[in-house]
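Next comes model_31.pdb, with PDB, C-alpha atoms and all ligand atoms.
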```pdb
ATOM      1  CA  MET A 163       1.884  -1.937   0.516  1.00  0.00           C
ATOM      2  CA  GLY A 164      -1.059   0.175   1.741  1.00  0.00           C
ATOM      3  CA  LYS A 165      -4.494  -1.209   2.453  1.00  0.00           C
ATOM      4  CA  TYR A 166      -6.462  -1.772  -0.768  1.00  0.00           C
ATOM      5  CA  ILE A 167      -9.262   0.749  -1.159  1.00  0.00           C
ATOM      6  CA  ILE A 168     -11.618   1.094  -4.120  1.00  0.00           C
ATOM      7  CA  ALA A 169     -13.541   4.355  -3.852  1.00  0.00           C
ATOM      8  CA  GLY A 170     -16.281   5.650  -6.112  1.00  0.00           C
ATOM      9  CA  ASN A 171     -16.495   9.369  -6.784  1.00  0.00           C
ATOM     10  CA  TRP A 172     -20.046  10.119  -7.880  1.00  0.00           C
ATOM     11  CA  LYS A 173     -19.195  13.775  -8.609  1.00  0.00           C
ATOM     12  CA  MET A 174     -22.434  15.701  -9.364  1.00  0.00           C
ATOM     13  CA  ASN A 175     -24.447  12.614 -10.247  1.00  0.00           C
ATOM     14  CA  LYS A 176     -27.399  10.740  -8.712  1.00  0.00           C
ATOM     15  CA  LEU A 177     -30.261  12.140  -6.679  1.00  0.00           C
ATOM     16  CA  PRO A 178     -30.852  11.807  -2.960  1.00  0.00           C
ATOM     17  CA  SER A 179     -33.960   9.750  -3.801  1.00  0.00           C
ATOM     18  CA  GLU A 180     -31.871   7.277  -5.840  1.00  0.00           C
ATOM     19  CA  THR A 181     -29.126   6.918  -3.280  1.00  0.00           C
ATOM     20  CA  ALA A 182     -30.396   4.287  -0.831  1.00  0.00           C
ATOM     21  CA  ALA A 183     -31.306   1.770  -3.534  1.00  0.00           C
ATOM     22  CA  PHE A 184     -27.995   2.284  -5.311  1.00  0.00           C
ATOM     23  CA  ILE A 185     -25.900   1.903  -2.154  1.00  0.00           C
ATOM     24  CA  LYS A 186     -27.798  -1.296  -1.355  1.00  0.00           C
ATOM     25  CA  ASP A 187     -27.029  -2.565  -4.876  1.00  0.00           C
ATOM     26  CA  VAL A 188     -23.336  -1.751  -4.418  1.00  0.00           C
ATOM     27  CA  ALA A 189     -23.309  -3.465  -1.013  1.00  0.00           C
ATOM     28  CA  GLU A 190     -24.906  -6.573  -2.508  1.00  0.00           C
ATOM     29  CA  VAL A 191     -22.561  -6.906  -5.478  1.00  0.00           C
ATOM     30  CA  THR A 192     -19.451  -6.165  -3.402  1.00  0.00           C
ATOM     31  CA  LYS A 193     -20.327  -8.192  -0.327  1.00  0.00           C
ATOM     32  CA  ASN A 194     -17.409 -10.589  -0.858  1.00  0.00           C
ATOM     33  CA  ALA A 195     -14.898  -7.802  -1.415  1.00  0.00           C
ATOM     34  CA  SER A 196     -11.420  -8.389  -0.129  1.00  0.00           C
ATOM     35  CA  CYS A 197     -10.682  -4.644  -0.106  1.00  0.00           C
ATOM     36  CA  GLU A 198     -12.282  -1.576   1.448  1.00  0.00           C
ATOM     37  CA  VAL A 199     -15.229  -0.320  -0.639  1.00  0.00           C
ATOM     38  CA  VAL A 200     -16.131   3.368  -0.446  1.00  0.00           C
ATOM     39  CA  CYS A 201     -18.797   5.470  -2.172  1.00  0.00           C
ATOM     40  CA  CYS A 202     -18.160   9.221  -2.130  1.00  0.00           C
ATOM     41  CA  THR A 203     -21.405  11.027  -2.814  1.00  0.00           C
ATOM     42  CA  PRO A 204     -22.693  14.587  -3.160  1.00  0.00           C
ATOM     43  CA  TYR A 205     -23.383  16.244   0.207  1.00  0.00           C
ATOM     44  CA  VAL A 206     -27.151  15.994  -0.220  1.00  0.00           C
ATOM     45  CA  CYS A 207     -26.953  12.202  -0.718  1.00  0.00           C
ATOM     46  CA  LEU A 208     -24.742  11.499   2.309  1.00  0.00           C
ATOM     47  CA  SER A 209     -27.456  11.037   4.884  1.00  0.00           C
ATOM     48  CA  GLU A 210     -29.310   8.467   2.763  1.00  0.00           C
ATOM     49  CA  ALA A 211     -26.034   6.805   1.804  1.00  0.00           C
ATOM     50  CA  VAL A 212     -24.880   6.374   5.409  1.00  0.00           C
ATOM     51  CA  LYS A 213     -28.244   4.886   6.422  1.00  0.00           C
ATOM     52  CA  ALA A 214     -28.281   2.489   3.465  1.00  0.00           C
ATOM     53  CA  ALA A 215     -24.681   1.420   4.092  1.00  0.00           C
ATOM     54  CA  ALA A 216     -25.265   0.620   7.767  1.00  0.00           C
ATOM     55  CA  GLY A 217     -24.555  -3.035   8.464  1.00  0.00           C
ATOM     56  CA  THR A 218     -22.833  -3.529   5.075  1.00  0.00           C
ATOM     57  CA  ASN A 219     -19.141  -3.366   4.196  1.00  0.00           C
ATOM     58  CA  VAL A 220     -19.594  -0.153   2.183  1.00  0.00           C
ATOM     59  CA  LYS A 221     -18.108   3.013   3.681  1.00  0.00           C
ATOM     60  CA  ILE A 222     -19.342   6.471   2.744  1.00  0.00           C
ATOM     61  CA  GLY A 223     -17.310   9.516   1.818  1.00  0.00           C
ATOM     62  CA  ALA A 224     -17.933  13.160   0.932  1.00  0.00           C
ATOM     63  CA  GLU A 225     -16.398  14.887  -2.084  1.00  0.00           C
ATOM     64  CA  ASN A 226     -15.135  17.984  -0.260  1.00  0.00           C
ATOM     65  CA  LEU A 227     -15.211  19.802   3.088  1.00  0.00           C
ATOM     66  CA  HIS A 228     -14.307  23.207   4.475  1.00  0.00           C
ATOM     67  CA  PHE A 229     -11.199  23.642   6.624  1.00  0.00           C
ATOM     68  CA  GLU A 230     -12.836  25.861   9.261  1.00  0.00           C
ATOM     69  CA  ASP A 231     -14.889  24.373  12.085  1.00  0.00           C
ATOM     70  CA  LYS A 232     -17.904  26.655  11.679  1.00  0.00           C
ATOM     71  CA  GLY A 233     -18.961  30.206  10.939  1.00  0.00           C
ATOM     72  CA  ALA A 234     -19.856  32.570   8.128  1.00  0.00           C
ATOM     73  CA  PHE A 235     -18.992  30.396   5.126  1.00  0.00           C
ATOM     74  CA  THR A 236     -22.221  30.335   3.156  1.00  0.00           C
ATOM     75  CA  GLY A 237     -22.717  27.103   1.266  1.00  0.00           C
ATOM     76  CA  GLU A 238     -19.871  25.248   2.922  1.00  0.00           C
ATOM     77  CA  VAL A 239     -19.833  22.017   4.934  1.00  0.00           C
ATOM     78  CA  SER A 240     -17.568  21.294   7.919  1.00  0.00           C
ATOM     79  CA  ALA A 241     -15.802  18.151   9.066  1.00  0.00           C
ATOM     80  CA  ASP A 242     -18.011  18.051  12.171  1.00  0.00           C
ATOM     81  CA  MET A 243     -21.123  18.031   9.972  1.00  0.00           C
ATOM     82  CA  LEU A 244     -19.763  15.078   7.979  1.00  0.00           C
ATOM     83  CA  CYS A 245     -18.811  13.210  11.160  1.00  0.00           C
ATOM     84  CA  ASP A 246     -22.231  13.894  12.638  1.00  0.00           C
ATOM     85  CA  LEU A 247     -23.798  12.126   9.632  1.00  0.00           C
ATOM     86  CA  GLY A 248     -21.500   9.109  10.053  1.00  0.00           C
ATOM     87  CA  VAL A 249     -19.309   9.792   7.037  1.00  0.00           C
ATOM     88  CA  ASN A 250     -15.870   8.048   7.076  1.00  0.00           C
ATOM     89  CA  TYR A 251     -13.963   9.407   4.071  1.00  0.00           C
ATOM     90  CA  VAL A 252     -13.578  12.724   2.267  1.00  0.00           C
ATOM     91  CA  ILE A 253     -12.037  13.487  -1.124  1.00  0.00           C
ATOM     92  CA  ILE A 254      -9.753  16.524  -0.974  1.00  0.00           C
ATOM     93  CA  GLY A 255      -8.201  18.498  -3.823  1.00  0.00           C
ATOM     94  CA  HIS A 256      -9.836  16.723  -6.735  1.00  0.00           C
ATOM     95  CA  SER A 257      -8.553  18.299  -9.952  1.00  0.00           C
ATOM     96  CA  GLU A 258     -12.073  19.488 -10.775  1.00  0.00           C
ATOM     97  CA  ARG A 259     -12.110  21.430  -7.495  1.00  0.00           C
ATOM     98  CA  ARG A 260      -8.638  22.773  -8.189  1.00  0.00           C
ATOM     99  CA  GLN A 261      -9.689  23.798 -11.695  1.00  0.00           C
ATOM    100  CA  TYR A 262     -13.207  25.179 -11.169  1.00  0.00           C
ATOM    101  CA  PHE A 263     -13.368  26.088  -7.479  1.00  0.00           C
ATOM    102  CA  ALA A 264     -10.005  27.678  -6.749  1.00  0.00           C
ATOM    103  CA  GLU A 265      -8.698  24.814  -4.619  1.00  0.00           C
ATOM    104  CA  THR A 266      -4.976  25.296  -3.988  1.00  0.00           C
ATOM    105  CA  ASP A 267      -2.209  23.188  -2.462  1.00  0.00           C
ATOM    106  CA  GLU A 268      -2.592  25.357   0.650  1.00  0.00           C
ATOM    107  CA  THR A 269      -6.342  24.729   1.066  1.00  0.00           C
ATOM    108  CA  VAL A 270      -5.754  21.039   0.321  1.00  0.00           C
ATOM    109  CA  ASN A 271      -3.290  20.976   3.228  1.00  0.00           C
ATOM    110  CA  LEU A 272      -5.666  22.808   5.603  1.00  0.00           C
ATOM    111  CA  LYS A 273      -8.537  20.503   4.668  1.00  0.00           C
ATOM    112  CA  THR A 274      -6.368  17.398   5.089  1.00  0.00           C
ATOM    113  CA  ILE A 275      -5.266  18.508   8.550  1.00  0.00           C
ATOM    114  CA  LYS A 276      -8.870  19.274   9.521  1.00  0.00           C
ATOM    115  CA  ALA A 277     -10.180  15.952   8.244  1.00  0.00           C
ATOM    116  CA  LEU A 278      -7.491  14.022  10.145  1.00  0.00           C
ATOM    117  CA  SER A 279      -8.145  15.959  13.343  1.00  0.00           C
ATOM    118  CA  LYS A 280     -11.804  14.893  13.189  1.00  0.00           C
ATOM    119  CA  GLY A 281     -11.138  11.251  12.357  1.00  0.00           C
ATOM    120  CA  LEU A 282     -12.163  11.452   8.688  1.00  0.00           C
ATOM    121  CA  ILE A 283      -9.935   9.630   6.192  1.00  0.00           C
ATOM    122  CA  PRO A 284      -8.787  12.090   3.536  1.00  0.00           C
ATOM    123  CA  ILE A 285      -8.385  10.933  -0.066  1.00  0.00           C
ATOM    124  CA  VAL A 286      -5.946  13.550  -1.320  1.00  0.00           C
ATOM    125  CA  CYS A 287      -5.846  13.927  -5.097  1.00  0.00           C
ATOM    126  CA  VAL A 288      -2.779  14.918  -7.078  1.00  0.00           C
ATOM    127  CA  GLY A 289      -2.103  14.850 -10.783  1.00  0.00           C
ATOM    128  CA  GLU A 290      -0.660  16.604 -13.794  1.00  0.00           C
ATOM    129  CA  SER A 291      -2.267  18.116 -16.862  1.00  0.00           C
ATOM    130  CA  LEU A 292      -1.439  16.884 -20.372  1.00  0.00           C
ATOM    131  CA  GLN A 293       0.624  20.052 -20.923  1.00  0.00           C
ATOM    132  CA  GLU A 294       2.641  19.379 -17.778  1.00  0.00           C
ATOM    133  CA  ARG A 295       3.198  15.751 -18.782  1.00  0.00           C
ATOM    134  CA  GLU A 296       4.325  16.769 -22.260  1.00  0.00           C
ATOM    135  CA  ALA A 297       6.677  19.342 -20.744  1.00  0.00           C
ATOM    136  CA  GLY A 298       8.317  16.520 -18.762  1.00  0.00           C
ATOM    137  CA  ILE A 299       7.558  18.058 -15.355  1.00  0.00           C
ATOM    138  CA  THR A 300       5.101  15.457 -14.043  1.00  0.00           C
ATOM    139  CA  MET A 301       7.192  14.225 -11.130  1.00  0.00           C
ATOM    140  CA  ASP A 302       8.350  17.728 -10.146  1.00  0.00           C
ATOM    141  CA  LEU A 303       4.763  18.914 -10.002  1.00  0.00           C
ATOM    142  CA  ILE A 304       3.554  15.845  -8.112  1.00  0.00           C
ATOM    143  CA  ALA A 305       6.394  16.278  -5.607  1.00  0.00           C
ATOM    144  CA  ILE A 306       5.255  19.842  -4.897  1.00  0.00           C
ATOM    145  CA  GLN A 307       1.612  18.774  -4.557  1.00  0.00           C
ATOM    146  CA  ILE A 308       2.550  15.953  -2.160  1.00  0.00           C
ATOM    147  CA  LYS A 309       4.952  18.016  -0.046  1.00  0.00           C
ATOM    148  CA  LYS A 310       2.430  20.844   0.307  1.00  0.00           C
ATOM    149  CA  ALA A 311      -0.488  18.507   1.037  1.00  0.00           C
ATOM    150  CA  PHE A 312       1.473  16.765   3.821  1.00  0.00           C
ATOM    151  CA  ALA A 313       2.941  19.934   5.391  1.00  0.00           C
ATOM    152  CA  ASN A 314       2.589  19.946   9.201  1.00  0.00           C
ATOM    153  CA  ILE A 315       1.206  16.393   9.240  1.00  0.00           C
ATOM    154  CA  SER A 316       2.870  13.893  11.589  1.00  0.00           C
ATOM    155  CA  ALA A 317       4.019  10.459  10.434  1.00  0.00           C
ATOM    156  CA  ASP A 318       1.244   8.818  12.468  1.00  0.00           C
ATOM    157  CA  ASP A 319      -1.379  10.952  10.744  1.00  0.00           C
ATOM    158  CA  ALA A 320       0.254  10.626   7.331  1.00  0.00           C
ATOM    159  CA  LYS A 321      -0.268   6.853   7.469  1.00  0.00           C
ATOM    160  CA  LYS A 322      -4.039   7.458   7.593  1.00  0.00           C
ATOM    161  CA  VAL A 323      -4.074   9.549   4.408  1.00  0.00           C
ATOM    162  CA  VAL A 324      -5.035   7.986   1.088  1.00  0.00           C
ATOM    163  CA  VAL A 325      -3.309   9.522  -1.933  1.00  0.00           C
ATOM    164  CA  ALA A 326      -5.074   9.357  -5.288  1.00  0.00           C
ATOM    165  CA  TYR A 327      -2.872   9.868  -8.326  1.00  0.00           C
ATOM    166  CA  GLU A 328      -5.184  11.147 -11.032  1.00  0.00           C
ATOM    167  CA  PRO A 329      -3.608  12.428 -14.240  1.00  0.00           C
ATOM    168  CA  ILE A 330      -6.009  15.162 -15.350  1.00  0.00           C
ATOM    169  CA  TRP A 331      -5.788  14.058 -18.981  1.00  0.00           C
ATOM    170  CA  ALA A 332      -7.151  10.642 -18.003  1.00  0.00           C
ATOM    171  CA  ILE A 333     -10.179  11.816 -16.013  1.00  0.00           C
ATOM    172  CA  GLY A 334     -13.480  11.208 -17.760  1.00  0.00           C
ATOM    173  CA  THR A 335     -11.707  10.992 -21.102  1.00  0.00           C
ATOM    174  CA  GLY A 336     -11.625   7.235 -21.531  1.00  0.00           C
ATOM    175  CA  LYS A 337      -7.847   7.660 -21.934  1.00  0.00           C
ATOM    176  CA  THR A 338      -6.294   5.713 -19.053  1.00  0.00           C
ATOM    177  CA  ALA A 339      -2.667   6.078 -18.111  1.00  0.00           C
ATOM    178  CA  THR A 340      -0.899   2.848 -19.023  1.00  0.00           C
ATOM    179  CA  ALA A 341      -0.212   0.625 -16.033  1.00  0.00           C
ATOM    180  CA  GLU A 342       3.488   1.503 -16.455  1.00  0.00           C
ATOM    181  CA  GLN A 343       2.829   5.267 -16.472  1.00  0.00           C
ATOM    182  CA  ALA A 344       0.592   4.974 -13.407  1.00  0.00           C
ATOM    183  CA  GLU A 345       3.084   2.775 -11.563  1.00  0.00           C
ATOM    184  CA  GLU A 346       5.942   5.135 -12.359  1.00  0.00           C
ATOM    185  CA  VAL A 347       4.172   8.069 -10.716  1.00  0.00           C
ATOM    186  CA  CYS A 348       2.723   6.040  -7.810  1.00  0.00           C
ATOM    187  CA  SER A 349       6.165   4.631  -6.985  1.00  0.00           C
ATOM    188  CA  GLY A 350       7.536   8.176  -7.249  1.00  0.00           C
ATOM    189  CA  ILE A 351       4.871   9.324  -4.768  1.00  0.00           C
ATOM    190  CA  ARG A 352       5.851   6.526  -2.381  1.00  0.00           C
ATOM    191  CA  LYS A 353       9.494   7.580  -2.663  1.00  0.00           C
ATOM    192  CA  ILE A 354       8.637  11.207  -1.842  1.00  0.00           C
ATOM    193  CA  LEU A 355       6.558  10.073   1.149  1.00  0.00           C
ATOM    194  CA  GLY A 356       9.472   7.887   2.230  1.00  0.00           C
ATOM    195  CA  GLU A 357      11.733  10.920   2.185  1.00  0.00           C
ATOM    196  CA  LEU A 358       9.194  13.096   4.021  1.00  0.00           C
ATOM    197  CA  TYR A 359       8.573  10.434   6.690  1.00  0.00           C
ATOM    198  CA  CYS A 360      10.300   7.070   6.440  1.00  0.00           C
ATOM    199  CA  PRO A 361      10.211   4.269   3.860  1.00  0.00           C
ATOM    200  CA  VAL A 362       8.303   2.007   6.278  1.00  0.00           C
ATOM    201  CA  CYS A 363       5.644   4.709   6.872  1.00  0.00           C
ATOM    202  CA  ALA A 364       5.377   5.296   3.116  1.00  0.00           C
ATOM    203  CA  LYS A 365       4.633   1.604   2.573  1.00  0.00           C
ATOM    204  CA  GLU A 366       1.602   1.859   4.850  1.00  0.00           C
ATOM    205  CA  ILE A 367       0.025   4.695   2.873  1.00  0.00           C
ATOM    206  CA  THR A 368      -2.619   3.684   0.353  1.00  0.00           C
ATOM    207  CA  ILE A 369      -1.882   5.101  -3.091  1.00  0.00           C
ATOM    208  CA  GLN A 370      -4.751   4.887  -5.565  1.00  0.00           C
ATOM    209  CA  TYR A 371      -4.816   5.450  -9.288  1.00  0.00           C
ATOM    210  CA  GLY A 372      -7.767   7.312 -10.793  1.00  0.00           C
ATOM    211  CA  GLY A 373      -8.657   8.326 -14.337  1.00  0.00           C
ATOM    212  CA  SER A 374     -10.896   6.240 -16.581  1.00  0.00           C
ATOM    213  CA  MET A 375     -10.314   3.129 -14.485  1.00  0.00           C
ATOM    214  CA  ASN A 376     -12.910   0.574 -15.501  1.00  0.00           C
ATOM    215  CA  ALA A 377     -13.828  -3.099 -15.396  1.00  0.00           C
ATOM    216  CA  LYS A 378     -11.482  -3.837 -18.311  1.00  0.00           C
ATOM    217  CA  ASN A 379      -8.297  -2.054 -17.274  1.00  0.00           C
ATOM    218  CA  ALA A 380      -8.547  -2.288 -13.470  1.00  0.00           C
ATOM    219  CA  ALA A 381      -6.782  -5.646 -13.031  1.00  0.00           C
ATOM    220  CA  GLU A 382      -3.670  -4.556 -14.894  1.00  0.00           C
ATOM    221  CA  LEU A 383      -3.432  -1.273 -12.994  1.00  0.00           C
ATOM    222  CA  LEU A 384      -4.148  -2.841  -9.611  1.00  0.00           C
ATOM    223  CA  ALA A 385      -1.533  -5.541 -10.171  1.00  0.00           C
ATOM    224  CA  LYS A 386       1.204  -2.912 -10.016  1.00  0.00           C
ATOM    225  CA  GLU A 387       3.283  -2.877  -6.869  1.00  0.00           C
ATOM    226  CA  ASN A 388       2.579   0.711  -5.862  1.00  0.00           C
ATOM    227  CA  ILE A 389      -1.095   0.939  -6.855  1.00  0.00           C
ATOM    228  CA  ASP A 390      -3.205   0.067  -3.809  1.00  0.00           C
ATOM    229  CA  GLY A 391      -6.630   0.866  -5.164  1.00  0.00           C
ATOM    230  CA  GLY A 392      -8.608   3.203  -7.357  1.00  0.00           C
ATOM    231  CA  LEU A 393     -10.664   6.356  -7.309  1.00  0.00           C
ATOM    232  CA  ILE A 394     -13.408   5.684  -9.797  1.00  0.00           C
ATOM    233  CA  GLY A 395     -15.653   8.279 -11.426  1.00  0.00           C
ATOM    234  CA  GLY A 396     -17.857   7.167 -14.317  1.00  0.00           C
ATOM    235  CA  ALA A 397     -17.580   3.432 -13.627  1.00  0.00           C
ATOM    236  CA  SER A 398     -18.728   3.921 -10.021  1.00  0.00           C
ATOM    237  CA  LEU A 399     -22.192   4.974 -11.213  1.00  0.00           C
ATOM    238  CA  VAL A 400     -23.137   1.454 -12.336  1.00  0.00           C
ATOM    239  CA  ALA A 401     -23.048  -1.040  -9.467  1.00  0.00           C
ATOM    240  CA  GLU A 402     -21.973  -4.028 -11.605  1.00  0.00           C
ATOM    241  CA  ASP A 403     -19.108  -2.094 -13.237  1.00  0.00           C
ATOM    242  CA  PHE A 404     -17.935  -0.861  -9.857  1.00  0.00           C
ATOM    243  CA  ALA A 405     -18.105  -4.407  -8.481  1.00  0.00           C
ATOM    244  CA  LYS A 406     -15.867  -5.682 -11.281  1.00  0.00           C
ATOM    245  CA  ILE A 407     -13.212  -3.161 -10.263  1.00  0.00           C
ATOM    246  CA  VAL A 408     -13.605  -4.212  -6.630  1.00  0.00           C
ATOM    247  CA  ASP A 409     -13.149  -7.845  -7.726  1.00  0.00           C
ATOM    248  CA  ALA A 410     -10.014  -6.897  -9.626  1.00  0.00           C
ATOM    249  CA  ALA A 411      -8.490  -5.654  -6.366  1.00  0.00           C
ATOM    250  CA  LYS A 412      -8.195  -9.238  -5.084  1.00  0.00           C
TER
HETATM  251  P1  LIG O   1     -13.236   8.888 -14.133  1.00  0.00           P
HETATM  252  O1  LIG O   1     -13.043   9.917 -12.898  1.00  0.00           O
HETATM  253  O2  LIG O   1     -13.087   7.511 -13.554  1.00  0.00           O
HETATM  254  O3  LIG O   1     -14.611   9.165 -14.646  1.00  0.00           O
HETATM  255  O4  LIG O   1     -12.161   9.200 -15.119  1.00  0.00           O
HETATM  256  C1  LIG O   1     -12.103   9.659 -11.889  1.00  0.00           C
HETATM  257  C2  LIG O   1     -12.091  10.804 -10.928  1.00  0.00           C
HETATM  258  O5  LIG O   1     -12.178  11.961 -11.372  1.00  0.00           O
HETATM  259  O6  LIG O   1     -11.995  10.605  -9.701  1.00  0.00           O
END
```
If you convert what's in this file into structure tokens, what do you get?
Ligand code: PGA
Amino acid sequence: MGKYIIAGNWKMNKLPSETAAFIKDVAEVTKNASCEVVCCTPYVCLSEAVKAAAGTNVKIGAENLHFEDKGAFTGEVSADMLCDLGVNYVIIGHSERRQYFAETDETVNLKTIKALSKGLIPIVCVGESLQEREAGITMDLIAIQIKKAFANISADDAKKVVVAYEPIWAIGTGKTATAEQAEEVCSGIRKILGELYCPVCAKEITIQYGGSMNAKNAAELLAKENIDGGLIGGASLVAEDFAKIVDAAK
């Protein structure tokens, strides 16, 4: 299926002054990785992270970007700014941004298009709430999120996008989706992408699972046919824990 990518999402954790040493630790403990290793850090840590990752196999990502190129958007950060720092990846549409910062399917789409146009690899997050899962509308909701996120994106560009399936009820709760639940939705996502583009294109797209993935449950999740990696929050803040997940991606 898609290329295996294990990405850490630091969220609002770690200081700029802690970043270089931590990235070096991650690089050391993941130096034999057989998958792509990414650390997505707060904006203010990116510069240090990129410098520390130079010459290692760790790639650096941001946790958000703005969809405009420049202008009067106080507090925002553009794709060009991220590229100028040497950033490779950017998380788009994380459920925390959708919930607390008014991110919508439309802004997710604009940001994804912008990231692709600048050569950044977008990690586009989708996922249902517990209420939506209990109402039996998970796949309908995910289909809408995927179709809107990929609107006006060509098949060639779509292949560069990473999709992260993150059930909201599993994020930071310690309650992981079972491997079967995660596989069901990830295979559903691949089917939708196959319909939007073509089944062969859909196979090239990396689909990650995220939500309380850790050293213990990673192997079972990553063994599933349609799970090509993980987006890791809490467990990405301890280098050894993150490395165990990277190892599980073999
Ligand atoms: P978690 O976060 O691993 O701490 O559940 C995952 C995420 O929100 O990306």
Q: Starting from the shown file, work through the PyMOL selection byres (((chain A and resi 190-199) around 9) and not hetatm) and note down what comes out as an MDAnalysis selection string.
A: chainID A and resid 165:170 185:189 200:201 218:222 391 401:402 404:406 408:409 411:412
Q | Pairwise distance for atom CA of A:Asn376 and atom CA of A:Ile304, rounded to one decimal in Å | A |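 That distance, rounded to one decimal, is 23.6 Å.
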Q: Go through A:Glu382, A:Glu328, A:Glu346, A:Glu265 and flag the residue nearest ligand LIG 1 (chain O), using all atoms listed in the file for the distances.
A: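 Between A:Glu382, A:Glu328, A:Glu346, A:Glu265, the residue approaching ligand LIG 1 (chain O) most closely is A:Glu328.
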Q.
Just to confirm, what's the straight-line distance from atom CA of A:Leu227 to atom CA of A:Lys273 in Å (one decimal)?
A.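 Value for the atom CA of A:Leu227-atom CA of A:Lys273 distance: 6.9 Å.
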**Q.** Result set, the PyMOL selection byres (((chain A and resi 371) around 12) and not hetatm) on current file, as a ChimeraX atom specification
**A.** /A:166-170,285-289,324-330,332-333,338-349,351,368-370,372-376,379-395
(Q) Given only C-alpha atoms as the basis, pick out the residue of A:Asp231, A:Glu357, A:Asp246, A:Glu268 nearest to A:Ala311. (A)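 Among the listed residues, A:Glu268 lies closest to A:Ala311.
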Q. Counting all atoms listed in the file, which of A:Ser257, A:Ser179, A:Ser279, A:Thr274 gets nearest to ligand LIG 1 (chain O)?
A.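 Of A:Ser257, A:Ser179, A:Ser279, A:Thr274, the one nearest ligand LIG 1 (chain O) is A:Ser257, counting all atoms listed in the file.
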**Q.** Computed interatomic separation between atom CA of A:Cys202 and atom CA of A:Ile253 (Å)
**A.**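 Straight-line distance from atom CA of A:Cys202 to atom CA of A:Ile253 works out to 7.5 Å.
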Q | Matched chain/residue IDs from the PyMOL selection byres (((chain A and resi 356) around 12) and not hetatm), as a PyMOL selection string | A | chain A and resi 305+308-309+317+320-321+349-355+357-367
Q. Nearest to A:Val323 among A:Met163, A:Lys213, A:Ala277, A:Ala241, with distances taken over only C-alpha atoms: which residue is it?
A. A:Ala277
